[in-house]
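start-v3.pdb (PDB, C-alpha atoms) appears below.
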MODEL        1
ATOM      1  CA  MET O   1     107.735  85.200 105.790
ATOM      2  CA  ALA O   2     108.498  87.549 102.905
ATOM      3  CA  ASN O   3     108.262  91.286 103.485
ATOM      4  CA  THR O   4     109.285  92.518 100.041
ATOM      5  CA  ALA O   5     108.710  91.335  96.489
ATOM      6  CA  SER O   6     109.508  92.284  92.924
ATOM      7  CA  ALA O   7     106.902  91.748  90.248
ATOM      8  CA  LEU O   8     105.824  92.503  86.710
ATOM      9  CA  HIS O   9     102.189  93.080  85.850
ATOM     10  CA  ILE O  10      99.863  93.728  82.955
ATOM     11  CA  LEU O  11      96.784  95.823  83.698
ATOM     12  CA  VAL O  12      93.770  95.655  81.381
ATOM     13  CA  ASP O  13      90.160  96.813  81.533
ATOM     14  CA  THR O  14      88.297  93.518  81.199
ATOM     15  CA  GLU O  15      88.559  89.980  82.505
ATOM     16  CA  GLN O  16      88.316  88.734  78.911
ATOM     17  CA  GLN O  17      91.382  90.755  77.887
ATOM     18  CA  ALA O  18      93.274  89.345  80.877
ATOM     19  CA  ASN O  19      92.322  85.769  79.985
ATOM     20  CA  ASP O  20      93.334  86.327  76.348
ATOM     21  CA  ILE O  21      96.766  87.529  77.499
ATOM     22  CA  LEU O  22      97.110  84.551  79.861
ATOM     23  CA  ASP O  23      96.433  82.277  76.878
ATOM     24  CA  LYS O  24      99.180  84.022  74.882
ATOM     25  CA  LEU O  25     101.589  83.642  77.805
ATOM     26  CA  ALA O  26     100.746  79.925  78.057
ATOM     27  CA  GLN O  27     101.693  79.626  74.375
ATOM     28  CA  GLY O  28     105.108  81.153  75.080
ATOM     29  CA  ALA O  29     104.595  84.877  74.459
ATOM     30  CA  ASP O  30     106.987  87.263  76.222
ATOM     31  CA  PHE O  31     105.471  88.819  79.374
ATOM     32  CA  GLN O  32     107.275  92.147  79.053
ATOM     33  CA  GLU O  33     106.412  92.475  75.372
ATOM     34  CA  LEU O  34     102.716  91.906  76.124
ATOM     35  CA  ALA O  35     102.908  94.415  78.980
ATOM     36  CA  ARG O  36     104.339  97.079  76.663
ATOM     37  CA  LYS O  37     101.647  96.366  74.075
ATOM     38  CA  HIS O  38      98.509  95.892  76.199
ATOM     39  CA  SER O  39      98.907  97.277  79.727
ATOM     40  CA  THR O  40      97.073 100.471  80.698
ATOM     41  CA  CYS O  41      99.501 101.106  83.594
ATOM     42  CA  PRO O  42     102.409 103.551  83.175
ATOM     43  CA  SER O  43     104.684 100.640  84.196
ATOM     44  CA  LYS O  44     104.176  99.291  80.670
ATOM     45  CA  ARG O  45     107.118 101.443  79.531
ATOM     46  CA  ALA O  46     109.307  99.250  81.762
ATOM     47  CA  GLY O  47     107.744  96.008  80.530
ATOM     48  CA  GLY O  48     105.294  95.996  83.427
ATOM     49  CA  SER O  49     107.998  96.146  86.098
ATOM     50  CA  LEU O  50     106.862  97.432  89.477
ATOM     51  CA  GLY O  51     110.335  97.052  90.960
ATOM     52  CA  GLU O  52     110.681  95.979  94.569
ATOM     53  CA  PHE O  53     107.937  96.918  97.010
ATOM     54  CA  ARG O  54     106.948  96.123 100.572
ATOM     55  CA  LYS O  55     104.059  94.009 101.767
ATOM     56  CA  GLY O  56     101.119  96.372 102.248
ATOM     57  CA  ASP O  57     102.260  98.907  99.608
ATOM     58  CA  MET O  58      99.757  97.652  97.022
ATOM     59  CA  VAL O  59      95.964  97.336  97.195
ATOM     60  CA  PRO O  60      94.887  94.290  99.281
ATOM     61  CA  SER O  61      93.854  91.852  96.524
ATOM     62  CA  PHE O  62      97.030  92.591  94.509
ATOM     63  CA  ASP O  63      99.178  92.325  97.635
ATOM     64  CA  LYS O  64      97.607  88.989  98.608
ATOM     65  CA  ALA O  65      98.254  87.550  95.137
ATOM     66  CA  VAL O  66     101.890  88.722  95.024
ATOM     67  CA  PHE O  67     102.721  87.231  98.400
ATOM     68  CA  SER O  68     100.980  83.889  97.811
ATOM     69  CA  CYS O  69     101.219  82.923  94.110
ATOM     70  CA  GLU O  70     103.909  80.770  92.539
ATOM     71  CA  LEU O  71     107.135  82.555  91.590
ATOM     72  CA  LEU O  72     107.892  83.236  87.903
ATOM     73  CA  LYS O  73     104.523  81.903  86.718
ATOM     74  CA  PRO O  74     101.924  84.335  85.305
ATOM     75  CA  TYR O  75      99.013  84.556  87.740
ATOM     76  CA  GLY O  76      95.580  86.065  87.394
ATOM     77  CA  PRO O  77      93.386  87.688  86.568
ATOM     78  CA  VAL O  78      93.351  89.630  89.836
ATOM     79  CA  LYS O  79      90.598  92.254  90.031
ATOM     80  CA  THR O  80      91.233  95.605  91.712
ATOM     81  CA  GLN O  81      89.623  99.021  91.409
ATOM     82  CA  PHE O  82      92.118  99.705  88.591
ATOM     83  CA  GLY O  83      91.080  96.756  86.411
ATOM     84  CA  TYR O  84      92.349  93.218  85.901
ATOM     85  CA  HIS O  85      95.978  92.327  86.555
ATOM     86  CA  ILE O  86      98.171  89.500  85.364
ATOM     87  CA  ILE O  87     101.059  89.231  87.779
ATOM     88  CA  LYS O  88     104.465  87.603  87.489
ATOM     89  CA  VAL O  89     106.392  87.606  90.770
ATOM     90  CA  LEU O  90     110.146  87.621  90.193
ATOM     91  CA  TYR O  91     111.197  87.102  93.836
ATOM     92  CA  ARG O  92     110.165  87.557  97.449
ATOM     93  CA  ASN O  93     112.479  88.367 100.403
TER
ENDMDL
END

Written as C-alpha coordinates, that's how I'd like the structure from this file.
Amino acid sequence: MANTASALHILVDTEQQANDILDKLAQGADFQELARKHSTCPSKRAGGSLGEFRKGDMVPSFDKAVFSCELLKPYGPVKTQFGYHIIKVLYRN
(Lines of atoms letter the chains of each structure in order from A and count residues from 1; the text may use other names and numbers.)
(Lines give C-alpha, C1' and ligand atoms only; values in the text may rest on other atoms or scores of the structure.)
Protein backbone atom coordinates (compact mmCIF):
# COMPACT_ATOMS: atom_id res chain seq x y z
CA MET A 1 0.00 0.00 0.00
CA ALA A 2 1.29 3.44 -0.94
CA ASN A 3 2.52 5.75 1.81
CA THR A 4 3.58 8.72 -0.30
CA ALA A 5 2.26 10.40 -3.42
CA SER A 6 3.00 13.31 -5.71
CA ALA A 7 0.13 15.29 -7.16
CA LEU A 8 -0.93 18.44 -8.95
CA HIS A 9 -4.16 20.20 -8.07
CA ILE A 10 -6.35 23.11 -9.05
CA LEU A 11 -8.34 24.74 -6.26
CA VAL A 12 -11.41 26.83 -7.09
CA ASP A 13 -14.30 28.31 -5.13
CA THR A 14 -17.28 26.60 -6.76
CA GLU A 15 -18.22 23.16 -8.02
CA GLN A 16 -19.26 24.76 -11.32
CA GLN A 17 -15.78 26.23 -11.83
CA ALA A 18 -14.26 22.81 -11.10
CA ASN A 19 -16.56 21.09 -13.60
CA ASP A 20 -15.77 23.72 -16.25
CA ILE A 21 -12.05 23.06 -15.78
CA LEU A 22 -12.60 19.29 -15.96
CA ASP A 23 -14.36 19.84 -19.29
CA LYS A 24 -11.38 21.84 -20.58
CA LEU A 25 -9.01 19.09 -19.44
CA ALA A 26 -11.14 16.47 -21.23
CA GLN A 27 -10.74 18.54 -24.40
CA GLY A 28 -6.95 18.42 -24.06
CA ALA A 29 -6.10 21.58 -22.11
CA ASP A 30 -2.83 21.57 -20.15
CA PHE A 31 -3.35 20.86 -16.42
CA GLN A 32 -0.48 23.05 -15.23
CA GLU A 33 -1.51 25.95 -17.45
CA LEU A 34 -5.06 25.82 -16.06
CA ALA A 35 -3.67 25.63 -12.52
CA ARG A 36 -1.59 28.77 -13.07
CA LYS A 37 -4.59 30.58 -14.53
CA HIS A 38 -7.46 29.48 -12.26
CA SER A 39 -6.23 28.00 -8.97
CA THR A 40 -6.64 29.99 -5.75
CA CYS A 41 -3.88 27.97 -4.03
CA PRO A 42 -0.33 29.36 -3.79
CA SER A 43 0.79 26.13 -5.52
CA LYS A 44 -0.53 27.66 -8.75
CA ARG A 45 2.88 29.33 -9.23
CA ALA A 46 4.30 25.81 -9.62
CA GLY A 47 1.54 24.68 -11.97
CA GLY A 48 -0.45 23.24 -9.08
CA SER A 49 2.37 20.97 -7.90
CA LEU A 50 2.13 19.84 -4.29
CA GLY A 51 5.34 17.83 -4.55
CA GLU A 52 5.62 14.56 -2.66
CA PHE A 53 3.67 14.16 0.57
CA ARG A 54 2.82 11.41 3.01
CA LYS A 55 -0.52 9.72 3.54
CA GLY A 56 -2.31 11.69 6.25
CA ASP A 57 -0.57 15.02 5.48
CA MET A 58 -3.61 16.41 3.64
CA VAL A 59 -7.21 16.88 4.79
CA PRO A 60 -9.13 13.55 4.82
CA SER A 61 -11.26 13.90 1.67
CA PHE A 62 -8.25 15.11 -0.38
CA ASP A 63 -6.06 12.36 1.06
CA LYS A 64 -8.65 9.67 0.27
CA ALA A 65 -8.93 10.86 -3.34
CA VAL A 66 -5.15 10.99 -3.88
CA PHE A 67 -4.60 7.49 -2.58
CA SER A 68 -7.51 5.89 -4.46
CA CYS A 69 -8.01 7.65 -7.83
CA GLU A 70 -6.48 6.62 -11.14
CA LEU A 71 -2.93 7.84 -11.79
CA LEU A 72 -2.34 10.65 -14.32
CA LYS A 73 -6.07 11.22 -14.91
CA PRO A 74 -7.70 14.44 -13.65
CA TYR A 75 -10.07 13.58 -10.80
CA GLY A 76 -12.71 15.60 -9.05
CA PRO A 77 -14.22 17.77 -7.97
CA VAL A 78 -13.21 16.95 -4.40
CA LYS A 79 -14.75 19.26 -1.80
CA THR A 80 -12.76 20.36 1.25
CA GLN A 81 -13.01 23.32 3.60
CA PHE A 82 -10.73 25.17 1.15
CA GLY A 83 -12.99 24.78 -1.89
CA TYR A 84 -13.18 22.35 -4.80
CA HIS A 85 -10.10 20.51 -6.02
CA ILE A 86 -9.24 18.85 -9.29
CA ILE A 87 -6.44 16.42 -8.61
CA LYS A 88 -3.93 14.74 -10.89
CA VAL A 89 -1.82 12.12 -9.11
CA LEU A 90 1.59 11.72 -10.72
CA TYR A 91 2.73 8.67 -8.71
CA ARG A 92 2.30 6.78 -5.46
CA ASN A 93 5.03 4.87 -3.55

**Report entry** Among the residues O:Val59, O:Ala18, O:Cys69, O:Leu8, the one that comes closest to Glu33 (chain O) [using only C-alpha atoms]
**Finding:**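 Looking at the shortest contact to Glu33 (chain O), the residue is O:Leu8.
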
Query raised in the report: Can you tell me how far CA of Pro42 (chain O) sits from CA of Ala2 (chain O), in Å to one decimal?
Result: 26.1 Å

Query raised in the report: Expressed in Å to a single decimal, how great is the separation between CA of Asp13 (chain O) and CA of Gly83 (chain O)?
Result: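 The value is 5.0 Å.
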
Requested in this report: Take the PyMOL selection byres ((chain O and resi 53) around 6), apply it to the structure above, and return the hits as a ChimeraX atom specification.
Outcome: /O:4-5,52,54

Query - the PyMOL selection byres ((chain O and resi 86) around 9) resolved against shown file, as a PyMOL selection string - result: chain O and resi 8-12+18-19+21-22+74-78+84-85+87-88

Query raised in the report: Written as a PyMOL selection string, what is the full residue list that the PyMOL selection byres ((chain O and resi 32) around 8) yields on the file shown?
Result: chain O and resi 8+30-31+33-36+44+46-48

Report task. Enter the distance from CA of Tyr91 (chain O) to CA of Ser6 (chain O), in Å, rounded to one decimal. Result -> 5.5 Å

Report task. Find the residue from O:Phe67, O:Ala26, O:Phe82, O:Gln17 that sits nearest to Lys55 (chain O); use all atoms listed in the file when measuring. Result ->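 Nearest candidate to Lys55 (chain O) out of O:Phe67, O:Ala26, O:Phe82, O:Gln17: O:Phe67.
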
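For the choices O:Gly56, O:Gly51, O:Ser43, O:Gly28, the atom-to-atom distance to Lys73 (chain O) is smallest for O:Gly28 when using all atoms listed in the file.
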